[in-house]
Amino acid sequence: MSWWIGVGLAGLIGLVAWQTRLLTLGGALAATLVGASVFGAGGIEASIPMVAFFLSGSLLPRALGRPHSTEQRTASQVLANGLAPMLCCWGVALYPALQTTFWLGYAASLATATADTWATEFGTRFGNPAWIITTGKRVPPGESGAVSVAGTLGGAIGAHLIAGLCIPLTGSSVQAWTAAALGVGGMLLDSLLGATLQARFHCHECGRIGEKPLCCRTPATHVRGVRWMDNNMVNLLSTLATAGAILIIRG
Ligand SMILES: [Zn+2]
């Protein structure tokens, strides 16, 4: 029953997000699937942290006075952050005996997604200087693989906020600390993957090395990293890794 209420509520939020151009149609459908799974498995208590993550990603740029992108989020972007928490919700529903473990995985993967989002926002706004996590090379703030003091602090605050909102699911504050710590670890893993495996492309028009295979409306040449490893894939891997880490720790 609660799954159908979830489909209705999540579909409504997805519809509004599509109509207000926060999400593409595919993004709205993906968000409906994620939202319905979260509500179906954990009702309002599980939905609050997910909605907090979603809203903070949209509102932080405005709150920090940063010019926010008008880019609509696609299904890939939604699933990059939402797939790991959604799978944990399926785990709760399918294996009720392990629900505390799966809720911890939910909290940790959502904390990672939030930490990464907040780190990008705080890092881009206040994160000068920023350094590549592997080499220490100075780079402009906001680049994949870069870390800064403001970005890391902002990300850690986001991870703790989400982990705190998950206490009704995970039970104790000790568990919440674990989820928050894994969220911070997942954020650092995200930077590490961004600096190493994430693809970079050289544009022959403007001469820049960027993260997109298309630049200046022309195909750019793949120069390093794994060709298909884009920012979404890096987010997906780091959120899956934190959820997986919980299963290993507790299993
Ligand atoms: Zn270019």
# chains A, B, ... in the order shown; residues from 1 in each chain; ligands from 1

call {"tool": "residues_near_ligand", "arguments": {"ligand": "ligand 1", "cutoff": "12 Å", "atoms": "only C-alpha atoms and all ligand atoms", "output": "MDAnalysis selection string"}}
result
chainID A and resid 201:221

call {"tool": "write_last_selection", "arguments": {"atoms": "N, CA and C atoms", "output": "mmCIF file, in the first residue's frame"}}
result
data_model
loop_
_atom_site.group_PDB
_atom_site.id
_atom_site.type_symbol
_atom_site.label_atom_id
_atom_site.label_comp_id
_atom_site.auth_asym_id
_atom_site.auth_seq_id
_atom_site.Cartn_x
_atom_site.Cartn_y
_atom_site.Cartn_z
ATOM 1 N N PHE A 201 39.152 15.268 -21.850
ATOM 2 C CA PHE A 201 39.152 15.430 -23.303
ATOM 3 C C PHE A 201 39.798 16.756 -23.679
ATOM 4 N N HIS A 202 40.592 16.722 -24.743
ATOM 5 C CA HIS A 202 41.259 17.934 -25.213
ATOM 6 C C HIS A 202 40.483 18.529 -26.375
ATOM 7 N N CYS A 203 40.122 19.814 -26.242
ATOM 8 C CA CYS A 203 39.368 20.495 -27.296
ATOM 9 C C CYS A 203 40.332 21.216 -28.229
ATOM 10 N N HIS A 204 40.187 20.942 -29.531
ATOM 11 C CA HIS A 204 41.101 21.562 -30.497
ATOM 12 C C HIS A 204 40.689 22.989 -30.829
ATOM 13 N N GLU A 205 39.442 23.355 -30.491
ATOM 14 C CA GLU A 205 38.974 24.713 -30.779
ATOM 15 C C GLU A 205 39.519 25.697 -29.753
ATOM 16 N N CYS A 206 39.292 25.394 -28.439
ATOM 17 C CA CYS A 206 39.682 26.358 -27.404
ATOM 18 C C CYS A 206 40.957 25.925 -26.684
ATOM 19 N N GLY A 207 41.440 24.703 -26.967
ATOM 20 C CA GLY A 207 42.701 24.264 -26.385
ATOM 21 C C GLY A 207 42.600 23.766 -24.963
ATOM 22 N N ARG A 208 41.393 23.784 -24.372
ATOM 23 C CA ARG A 208 41.249 23.376 -22.977
ATOM 24 C C ARG A 208 41.139 21.866 -22.829
ATOM 25 N N ILE A 209 41.579 21.380 -21.653
ATOM 26 C CA ILE A 209 41.344 19.982 -21.283
ATOM 27 C C ILE A 209 40.102 19.983 -20.396
ATOM 28 N N GLY A 210 39.057 19.302 -20.839
ATOM 29 C CA GLY A 210 37.813 19.330 -20.084
ATOM 30 C C GLY A 210 37.296 17.940 -19.774
ATOM 31 N N GLU A 211 36.084 17.897 -19.178
ATOM 32 C CA GLU A 211 35.506 16.627 -18.747
ATOM 33 C C GLU A 211 34.445 16.113 -19.715
ATOM 34 N N LYS A 212 34.126 16.921 -20.736
ATOM 35 C CA LYS A 212 33.063 16.542 -21.669
ATOM 36 C C LYS A 212 33.656 16.143 -23.025
ATOM 37 N N PRO A 213 33.103 15.085 -23.633
ATOM 38 C CA PRO A 213 33.605 14.665 -24.951
ATOM 39 C C PRO A 213 33.234 15.645 -26.064
ATOM 40 N N LEU A 214 32.367 16.609 -25.746
ATOM 41 C CA LEU A 214 32.010 17.641 -26.716
ATOM 42 C C LEU A 214 32.395 18.992 -26.134
ATOM 43 N N CYS A 215 33.129 19.806 -26.906
ATOM 44 C CA CYS A 215 33.475 21.146 -26.440
ATOM 45 C C CYS A 215 33.457 22.057 -27.652
ATOM 46 N N CYS A 216 32.993 23.283 -27.489
ATOM 47 C CA CYS A 216 32.902 24.228 -28.609
ATOM 48 C C CYS A 216 32.167 23.584 -29.786
ATOM 49 N N ARG A 217 31.167 22.781 -29.474
ATOM 50 C CA ARG A 217 30.327 22.106 -30.468
ATOM 51 C C ARG A 217 31.087 21.158 -31.389
ATOM 52 N N THR A 218 32.304 20.775 -30.986
ATOM 53 C CA THR A 218 33.043 19.787 -31.775
ATOM 54 C C THR A 218 33.489 18.656 -30.841
ATOM 55 N N PRO A 219 33.683 17.438 -31.397
ATOM 56 C CA PRO A 219 34.170 16.341 -30.565
ATOM 57 C C PRO A 219 35.595 16.643 -30.082
ATOM 58 N N ALA A 220 35.840 16.435 -28.792
ATOM 59 C CA ALA A 220 37.182 16.638 -28.235
ATOM 60 C C ALA A 220 37.889 15.282 -28.164
ATOM 61 N N THR A 221 39.222 15.311 -28.143
ATOM 62 C CA THR A 221 40.000 14.075 -28.156
ATOM 63 C C THR A 221 40.205 13.553 -26.733
#

call {"tool": "residues_around", "arguments": {"residues": "Gly82 in chain A", "least_positions_apart": "5", "cutoff": "12 Å", "atoms": "only C-alpha atoms", "output": "ChimeraX atom specification"}}
result
/A:27,30-38,50-51,53-54,74-77,87-89,106-107,109-114,232,235-240,243

call {"tool": "write_last_selection", "arguments": {"atoms": "C-alpha atoms", "output": "PDB file, in the first residue's frame"}}
result
ATOM      1  CA  GLY A  27      15.024  12.741 -14.748  1.00  0.00           C
ATOM      2  CA  ALA A  30      13.939   8.324 -12.446  1.00  0.00           C
ATOM      3  CA  ALA A  31      13.238  10.541  -9.420  1.00  0.00           C
ATOM      4  CA  THR A  32       9.732   9.018  -9.181  1.00  0.00           C
ATOM      5  CA  LEU A  33      11.212   5.505  -9.141  1.00  0.00           C
ATOM      6  CA  VAL A  34      13.759   6.455  -6.456  1.00  0.00           C
ATOM      7  CA  GLY A  35      11.224   8.409  -4.385  1.00  0.00           C
ATOM      8  CA  ALA A  36       8.582   5.669  -4.542  1.00  0.00           C
ATOM      9  CA  SER A  37      11.157   3.088  -3.411  1.00  0.00           C
ATOM     10  CA  VAL A  38      12.251   5.261  -0.497  1.00  0.00           C
ATOM     11  CA  MET A  50      16.143  12.170   0.513  1.00  0.00           C
ATOM     12  CA  VAL A  51      14.048  15.316   0.074  1.00  0.00           C
ATOM     13  CA  PHE A  53      19.369  16.045  -0.286  1.00  0.00           C
ATOM     14  CA  PHE A  54      17.306  16.916  -3.360  1.00  0.00           C
ATOM     15  CA  THR A  74      18.773  14.025 -16.473  1.00  0.00           C
ATOM     16  CA  ALA A  75      17.924  10.433 -15.522  1.00  0.00           C
ATOM     17  CA  SER A  76      21.667   9.596 -15.463  1.00  0.00           C
ATOM     18  CA  GLN A  77      22.343  12.425 -13.021  1.00  0.00           C
ATOM     19  CA  LEU A  87      18.971  -0.382  -3.843  1.00  0.00           C
ATOM     20  CA  CYS A  88      19.357  -0.129  -0.051  1.00  0.00           C
ATOM     21  CA  CYS A  89      15.602   0.570   0.207  1.00  0.00           C
ATOM     22  CA  TYR A 106      21.044   4.154   2.741  1.00  0.00           C
ATOM     23  CA  ALA A 107      22.294   6.794   5.202  1.00  0.00           C
ATOM     24  CA  SER A 109      25.339   6.492   0.407  1.00  0.00           C
ATOM     25  CA  LEU A 110      22.987   9.459   0.718  1.00  0.00           C
ATOM     26  CA  ALA A 111      25.542  11.182   2.985  1.00  0.00           C
ATOM     27  CA  THR A 112      28.166  10.620   0.270  1.00  0.00           C
ATOM     28  CA  ALA A 113      25.933  12.087  -2.449  1.00  0.00           C
ATOM     29  CA  THR A 114      25.127  15.082  -0.240  1.00  0.00           C
ATOM     30  CA  ASN A 232      27.985  10.653 -13.133  1.00  0.00           C
ATOM     31  CA  ASN A 235      29.300   9.631  -8.325  1.00  0.00           C
ATOM     32  CA  LEU A 236      27.629   6.260  -8.892  1.00  0.00           C
ATOM     33  CA  LEU A 237      30.783   4.326  -7.966  1.00  0.00           C
ATOM     34  CA  SER A 238      31.478   6.304  -4.792  1.00  0.00           C
ATOM     35  CA  THR A 239      27.872   6.009  -3.524  1.00  0.00           C
ATOM     36  CA  LEU A 240      27.777   2.270  -4.322  1.00  0.00           C
ATOM     37  CA  ALA A 243      26.759   1.376   0.690  1.00  0.00           C
TER      38      ALA A 243
END

call {"tool": "residues_around", "arguments": {"residues": "Thr134 in chain A", "least_positions_apart": "3", "cutoff": "8 Å", "atoms": "only C-alpha atoms", "output": "number ranges by chain"}}
result
A: 145, 192, 195-196

call {"tool": "select_by_dssp", "arguments": {"residues": "range 14-144 of chain A", "states": "helix (DSSP H, G or I)", "output": "short mmCIF file (atom, residue, chain, number, x, y, z; two decimals) with N, CA and C atoms, in the first residue's frame"}}
result
data_model
loop_
_atom_site.label_atom_id
_atom_site.label_comp_id
_atom_site.auth_asym_id
_atom_site.auth_seq_id
_atom_site.Cartn_x
_atom_site.Cartn_y
_atom_site.Cartn_z
N GLY A 14 8.05 14.74 -8.79
CA GLY A 14 8.71 14.65 -10.09
C GLY A 14 8.04 15.54 -11.13
N LEU A 15 6.71 15.55 -11.11
CA LEU A 15 5.94 16.36 -12.05
C LEU A 15 6.24 17.85 -11.86
N VAL A 16 6.26 18.28 -10.59
CA VAL A 16 6.55 19.69 -10.29
C VAL A 16 7.98 20.03 -10.72
N ALA A 17 8.93 19.10 -10.42
CA ALA A 17 10.34 19.35 -10.76
C ALA A 17 10.53 19.40 -12.28
N TRP A 18 9.72 18.60 -13.01
CA TRP A 18 9.80 18.62 -14.47
C TRP A 18 9.22 19.93 -15.01
N GLN A 19 8.06 20.30 -14.45
CA GLN A 19 7.39 21.52 -14.93
C GLN A 19 8.19 22.77 -14.61
N LEU A 25 12.25 15.14 -18.43
CA LEU A 25 11.19 14.15 -18.24
C LEU A 25 11.79 12.83 -17.74
N GLY A 26 12.92 12.41 -18.36
CA GLY A 26 13.59 11.18 -17.91
C GLY A 26 14.06 11.31 -16.47
N GLY A 27 14.58 12.49 -16.13
CA GLY A 27 15.02 12.74 -14.75
C GLY A 27 13.86 12.64 -13.78
N ALA A 28 12.69 13.16 -14.19
CA ALA A 28 11.50 13.12 -13.32
C ALA A 28 11.04 11.68 -13.13
N LEU A 29 11.10 10.88 -14.21
CA LEU A 29 10.68 9.47 -14.08
C LEU A 29 11.64 8.72 -13.16
N ALA A 30 12.96 8.98 -13.32
CA ALA A 30 13.94 8.32 -12.45
C ALA A 30 13.73 8.75 -11.00
N ALA A 31 13.46 10.04 -10.79
CA ALA A 31 13.24 10.54 -9.42
C ALA A 31 11.98 9.91 -8.82
N THR A 32 10.96 9.66 -9.66
CA THR A 32 9.73 9.02 -9.18
C THR A 32 10.02 7.59 -8.71
N LEU A 33 10.84 6.88 -9.50
CA LEU A 33 11.21 5.51 -9.14
C LEU A 33 11.98 5.49 -7.82
N VAL A 34 12.97 6.39 -7.69
CA VAL A 34 13.76 6.45 -6.46
C VAL A 34 12.86 6.84 -5.28
N GLY A 35 12.07 7.90 -5.47
CA GLY A 35 11.22 8.41 -4.38
C GLY A 35 10.20 7.39 -3.92
N ALA A 36 9.58 6.68 -4.90
CA ALA A 36 8.58 5.67 -4.54
C ALA A 36 9.23 4.54 -3.75
N SER A 37 10.45 4.16 -4.12
CA SER A 37 11.16 3.09 -3.41
C SER A 37 11.46 3.51 -1.97
N VAL A 38 11.90 4.76 -1.82
CA VAL A 38 12.25 5.26 -0.50
C VAL A 38 11.02 5.31 0.39
N PHE A 39 9.92 5.88 -0.14
CA PHE A 39 8.69 5.99 0.66
C PHE A 39 8.10 4.62 0.93
N GLY A 40 8.15 3.75 -0.08
CA GLY A 40 7.59 2.41 0.09
C GLY A 40 8.31 1.64 1.18
N ALA A 41 9.62 1.79 1.26
CA ALA A 41 10.39 1.02 2.25
C ALA A 41 10.37 1.67 3.62
N GLY A 42 10.35 3.02 3.67
CA GLY A 42 10.54 3.67 4.96
C GLY A 42 9.63 4.85 5.25
N GLY A 43 8.62 5.06 4.40
CA GLY A 43 7.65 6.12 4.66
C GLY A 43 8.29 7.50 4.79
N ILE A 44 7.63 8.34 5.60
CA ILE A 44 8.06 9.73 5.77
C ILE A 44 9.48 9.81 6.35
N GLU A 45 9.78 8.93 7.35
CA GLU A 45 11.09 9.00 8.02
C GLU A 45 12.23 8.82 7.02
N ALA A 46 12.05 7.92 6.05
CA ALA A 46 13.10 7.70 5.06
C ALA A 46 13.09 8.78 3.98
N SER A 47 11.93 9.37 3.75
CA SER A 47 11.81 10.36 2.68
C SER A 47 12.43 11.70 3.05
N ILE A 48 12.39 12.05 4.35
CA ILE A 48 12.90 13.36 4.77
C ILE A 48 14.37 13.57 4.37
N PRO A 49 15.28 12.61 4.67
CA PRO A 49 16.68 12.84 4.25
C PRO A 49 16.83 12.93 2.73
N MET A 50 16.04 12.13 1.97
CA MET A 50 16.14 12.17 0.51
C MET A 50 15.67 13.51 -0.04
N VAL A 51 14.56 14.01 0.51
CA VAL A 51 14.05 15.32 0.07
C VAL A 51 15.04 16.42 0.47
N ALA A 52 15.66 16.28 1.65
CA ALA A 52 16.66 17.26 2.10
C ALA A 52 17.85 17.30 1.14
N PHE A 53 18.28 16.11 0.69
CA PHE A 53 19.37 16.04 -0.29
C PHE A 53 18.96 16.74 -1.58
N PHE A 54 17.79 16.38 -2.08
CA PHE A 54 17.31 16.92 -3.36
C PHE A 54 17.15 18.44 -3.29
N LEU A 55 16.52 18.93 -2.21
CA LEU A 55 16.29 20.36 -2.08
C LEU A 55 17.60 21.11 -1.89
N SER A 56 18.53 20.54 -1.08
CA SER A 56 19.78 21.27 -0.81
C SER A 56 20.58 21.44 -2.10
N GLY A 57 20.50 20.44 -2.99
CA GLY A 57 21.21 20.56 -4.26
C GLY A 57 20.67 21.68 -5.13
N SER A 58 19.37 21.93 -5.01
CA SER A 58 18.77 23.00 -5.81
C SER A 58 18.89 24.36 -5.13
N LEU A 59 18.84 24.36 -3.80
CA LEU A 59 18.78 25.64 -3.08
C LEU A 59 20.14 26.20 -2.70
N LEU A 60 21.15 25.31 -2.49
CA LEU A 60 22.47 25.79 -2.05
C LEU A 60 23.07 26.84 -2.98
N PRO A 61 23.05 26.61 -4.31
CA PRO A 61 23.65 27.62 -5.18
C PRO A 61 23.00 28.98 -4.99
N ARG A 62 21.67 28.99 -4.81
CA ARG A 62 20.97 30.26 -4.59
C ARG A 62 21.37 30.85 -3.25
N ALA A 63 21.41 29.99 -2.20
CA ALA A 63 21.72 30.46 -0.85
C ALA A 63 23.14 31.04 -0.79
N ALA A 75 18.07 11.71 -16.24
CA ALA A 75 17.92 10.43 -15.52
C ALA A 75 19.28 9.93 -15.04
N SER A 76 20.33 10.07 -15.88
CA SER A 76 21.67 9.60 -15.46
C SER A 76 22.14 10.34 -14.22
N GLN A 77 21.91 11.65 -14.18
CA GLN A 77 22.34 12.43 -13.02
C GLN A 77 21.57 12.03 -11.77
N VAL A 78 20.26 11.78 -11.93
CA VAL A 78 19.44 11.38 -10.78
C VAL A 78 19.89 10.01 -10.26
N LEU A 79 20.11 9.07 -11.20
CA LEU A 79 20.48 7.72 -10.78
C LEU A 79 21.92 7.65 -10.27
N ALA A 80 22.80 8.54 -10.74
CA ALA A 80 24.18 8.56 -10.26
C ALA A 80 24.20 8.72 -8.74
N ASN A 81 23.28 9.53 -8.21
CA ASN A 81 23.21 9.74 -6.77
C ASN A 81 22.13 8.90 -6.11
N GLY A 82 21.10 8.51 -6.87
CA GLY A 82 19.93 7.88 -6.27
C GLY A 82 19.92 6.36 -6.32
N LEU A 83 20.74 5.77 -7.21
CA LEU A 83 20.65 4.31 -7.37
C LEU A 83 21.08 3.56 -6.10
N ALA A 84 22.22 3.94 -5.51
CA ALA A 84 22.70 3.21 -4.33
C ALA A 84 21.70 3.32 -3.16
N PRO A 85 21.22 4.54 -2.82
CA PRO A 85 20.20 4.60 -1.75
C PRO A 85 18.95 3.80 -2.10
N MET A 86 18.55 3.80 -3.40
CA MET A 86 17.34 3.07 -3.81
C MET A 86 17.54 1.57 -3.62
N LEU A 87 18.71 1.05 -4.01
CA LEU A 87 18.97 -0.38 -3.84
C LEU A 87 18.93 -0.76 -2.36
N CYS A 88 19.42 0.14 -1.50
CA CYS A 88 19.36 -0.13 -0.05
C CYS A 88 17.91 -0.21 0.41
N CYS A 89 17.03 0.64 -0.15
CA CYS A 89 15.60 0.57 0.21
C CYS A 89 15.00 -0.76 -0.24
N TRP A 90 15.39 -1.22 -1.42
CA TRP A 90 14.93 -2.54 -1.87
C TRP A 90 15.43 -3.62 -0.92
N GLY A 91 16.65 -3.45 -0.43
CA GLY A 91 17.21 -4.40 0.54
C GLY A 91 16.36 -4.45 1.80
N VAL A 92 15.95 -3.26 2.29
CA VAL A 92 15.10 -3.19 3.48
C VAL A 92 13.80 -3.96 3.25
N ALA A 93 13.20 -3.75 2.05
CA ALA A 93 11.91 -4.38 1.77
C ALA A 93 12.04 -5.89 1.58
N LEU A 94 13.14 -6.32 0.94
CA LEU A 94 13.29 -7.74 0.61
C LEU A 94 13.83 -8.56 1.78
N PRO A 96 13.85 -7.94 5.54
CA PRO A 96 13.52 -7.15 6.75
C PRO A 96 14.44 -7.47 7.93
N ALA A 97 14.98 -8.69 7.99
CA ALA A 97 15.86 -9.05 9.11
C ALA A 97 17.15 -8.21 9.09
N LEU A 98 17.52 -7.73 7.90
CA LEU A 98 18.76 -6.96 7.78
C LEU A 98 18.49 -5.46 7.66
N GLN A 99 17.30 -5.04 8.10
CA GLN A 99 16.93 -3.67 7.75
C GLN A 99 17.85 -2.61 8.35
N THR A 100 18.37 -2.84 9.57
CA THR A 100 19.27 -1.82 10.14
C THR A 100 20.51 -1.65 9.27
N THR A 101 21.04 -2.78 8.77
CA THR A 101 22.21 -2.72 7.89
C THR A 101 21.89 -1.94 6.61
N PHE A 102 20.74 -2.25 6.00
CA PHE A 102 20.40 -1.57 4.76
C PHE A 102 20.08 -0.09 5.00
N TRP A 103 19.47 0.24 6.15
CA TRP A 103 19.24 1.67 6.44
C TRP A 103 20.57 2.39 6.64
N LEU A 104 21.54 1.71 7.24
CA LEU A 104 22.87 2.33 7.38
C LEU A 104 23.49 2.58 6.01
N GLY A 105 23.33 1.59 5.12
CA GLY A 105 23.82 1.76 3.75
C GLY A 105 23.13 2.92 3.05
N TYR A 106 21.82 3.03 3.30
CA TYR A 106 21.04 4.15 2.74
C TYR A 106 21.61 5.48 3.26
N ALA A 107 21.79 5.56 4.58
CA ALA A 107 22.29 6.79 5.20
C ALA A 107 23.69 7.14 4.67
N ALA A 108 24.56 6.12 4.58
CA ALA A 108 25.95 6.37 4.17
C ALA A 108 26.03 6.80 2.71
N SER A 109 25.26 6.13 1.82
CA SER A 109 25.34 6.49 0.41
C SER A 109 24.69 7.84 0.15
N LEU A 110 23.61 8.15 0.87
CA LEU A 110 22.99 9.46 0.72
C LEU A 110 23.88 10.56 1.31
N ALA A 111 24.59 10.23 2.40
CA ALA A 111 25.54 11.18 2.99
C ALA A 111 26.68 11.47 2.01
N THR A 112 27.12 10.43 1.28
CA THR A 112 28.17 10.62 0.27
C THR A 112 27.69 11.55 -0.85
N ALA A 113 26.48 11.26 -1.36
CA ALA A 113 25.93 12.09 -2.45
C ALA A 113 25.79 13.54 -2.00
N THR A 114 25.31 13.73 -0.75
CA THR A 114 25.13 15.08 -0.24
C THR A 114 26.47 15.77 -0.03
N ALA A 115 27.42 15.04 0.56
CA ALA A 115 28.75 15.61 0.81
C ALA A 115 29.38 16.06 -0.50
N ASP A 116 29.25 15.24 -1.54
CA ASP A 116 29.84 15.58 -2.83
C ASP A 116 29.18 16.84 -3.41
N THR A 117 27.85 16.91 -3.31
CA THR A 117 27.12 18.08 -3.83
C THR A 117 27.51 19.34 -3.07
N TRP A 118 27.51 19.24 -1.73
CA TRP A 118 27.84 20.41 -0.90
C TRP A 118 29.29 20.83 -1.10
N ALA A 119 30.19 19.83 -1.23
CA ALA A 119 31.61 20.15 -1.43
C ALA A 119 31.79 20.93 -2.73
N THR A 120 31.07 20.51 -3.77
CA THR A 120 31.18 21.21 -5.05
C THR A 120 30.68 22.64 -4.90
N GLU A 121 29.55 22.82 -4.21
CA GLU A 121 28.98 24.17 -4.07
C GLU A 121 29.88 25.06 -3.21
N PHE A 122 30.28 24.58 -2.03
CA PHE A 122 31.13 25.39 -1.14
C PHE A 122 32.51 25.59 -1.76
N GLY A 123 33.02 24.51 -2.40
CA GLY A 123 34.34 24.60 -3.02
C GLY A 123 34.37 25.61 -4.15
N THR A 124 33.31 25.61 -4.97
CA THR A 124 33.30 26.53 -6.10
C THR A 124 33.13 27.97 -5.62
N ARG A 125 32.39 28.15 -4.53
CA ARG A 125 32.11 29.50 -4.03
C ARG A 125 33.27 30.05 -3.19
N PHE A 126 33.82 29.21 -2.28
CA PHE A 126 34.84 29.71 -1.33
C PHE A 126 36.16 28.96 -1.42
#

call {"tool": "atom_distance", "arguments": {"atom1": "CA of Leu23 in chain A", "atom2": "CA of Glu71 in chain A"}}
result
8.4 Å

call {"tool": "atom_distance", "arguments": {"atom1": "CA of Thr178 in chain A", "atom2": "CA of Asn231 in chain A"}}
result
25.6 Å

call {"tool": "atom_distance", "arguments": {"atom1": "CA of Met233 in chain A", "atom2": "CA of Leu182 in chain A"}}
result
18.8 Å

call {"tool": "residues_around", "arguments": {"residues": "Pro141 in chain A", "least_positions_apart": "3", "cutoff": "7 Å", "atoms": "only C-alpha atoms", "output": "VMD selection string"}}
result
chain A and resid 123 to 124 127 to 130 146

call {"tool": "select_by_dssp", "arguments": {"residues": "range 15-247 of chain A", "states": "strand (DSSP E)", "output": "number ranges by chain"}}
result
A: 130-132, 138-139, 146-147, 200-202, 209-210, 214-215, 218-219, 221-224

call {"tool": "write_last_selection", "arguments": {"atoms": "C-alpha atoms", "output": "JSON list (two decimals), in the first residue's frame"}}
result
[["chain", "number", "residue", "atom", "x", "y", "z"],
["A", 130, "ALA", "CA", 42.07, 24.14, -4.47],
["A", 131, "TRP", "CA", 44.46, 21.29, -5.10],
["A", 132, "ILE", "CA", 44.28, 18.03, -7.07],
["A", 138, "ARG", "CA", 46.88, 24.07, -7.74],
["A", 139, "VAL", "CA", 43.78, 24.22, -9.93],
["A", 146, "ALA", "CA", 40.21, 18.93, -6.69],
["A", 147, "VAL", "CA", 39.86, 19.42, -2.94],
["A", 200, "ARG", "CA", 39.48, 14.10, -19.77],
["A", 201, "PHE", "CA", 39.15, 15.43, -23.30],
["A", 202, "HIS", "CA", 41.26, 17.93, -25.21],
["A", 209, "ILE", "CA", 41.34, 19.98, -21.28],
["A", 210, "GLY", "CA", 37.81, 19.33, -20.08],
["A", 214, "LEU", "CA", 32.01, 17.64, -26.72],
["A", 215, "CYS", "CA", 33.48, 21.15, -26.44],
["A", 218, "THR", "CA", 33.04, 19.79, -31.78],
["A", 219, "PRO", "CA", 34.17, 16.34, -30.57],
["A", 221, "THR", "CA", 40.00, 14.07, -28.16],
["A", 222, "HIS", "CA", 40.15, 11.62, -25.24],
["A", 223, "VAL", "CA", 43.50, 12.23, -23.53],
["A", 224, "ARG", "CA", 43.37, 10.41, -20.19]]

call {"tool": "closest_residue", "arguments": {"among": "A:Val184, A:Arg227, A:Pro67, A:Thr242", "to": "Leu153 in chain A", "atoms": "only C-alpha atoms"}}
result
A:Val184
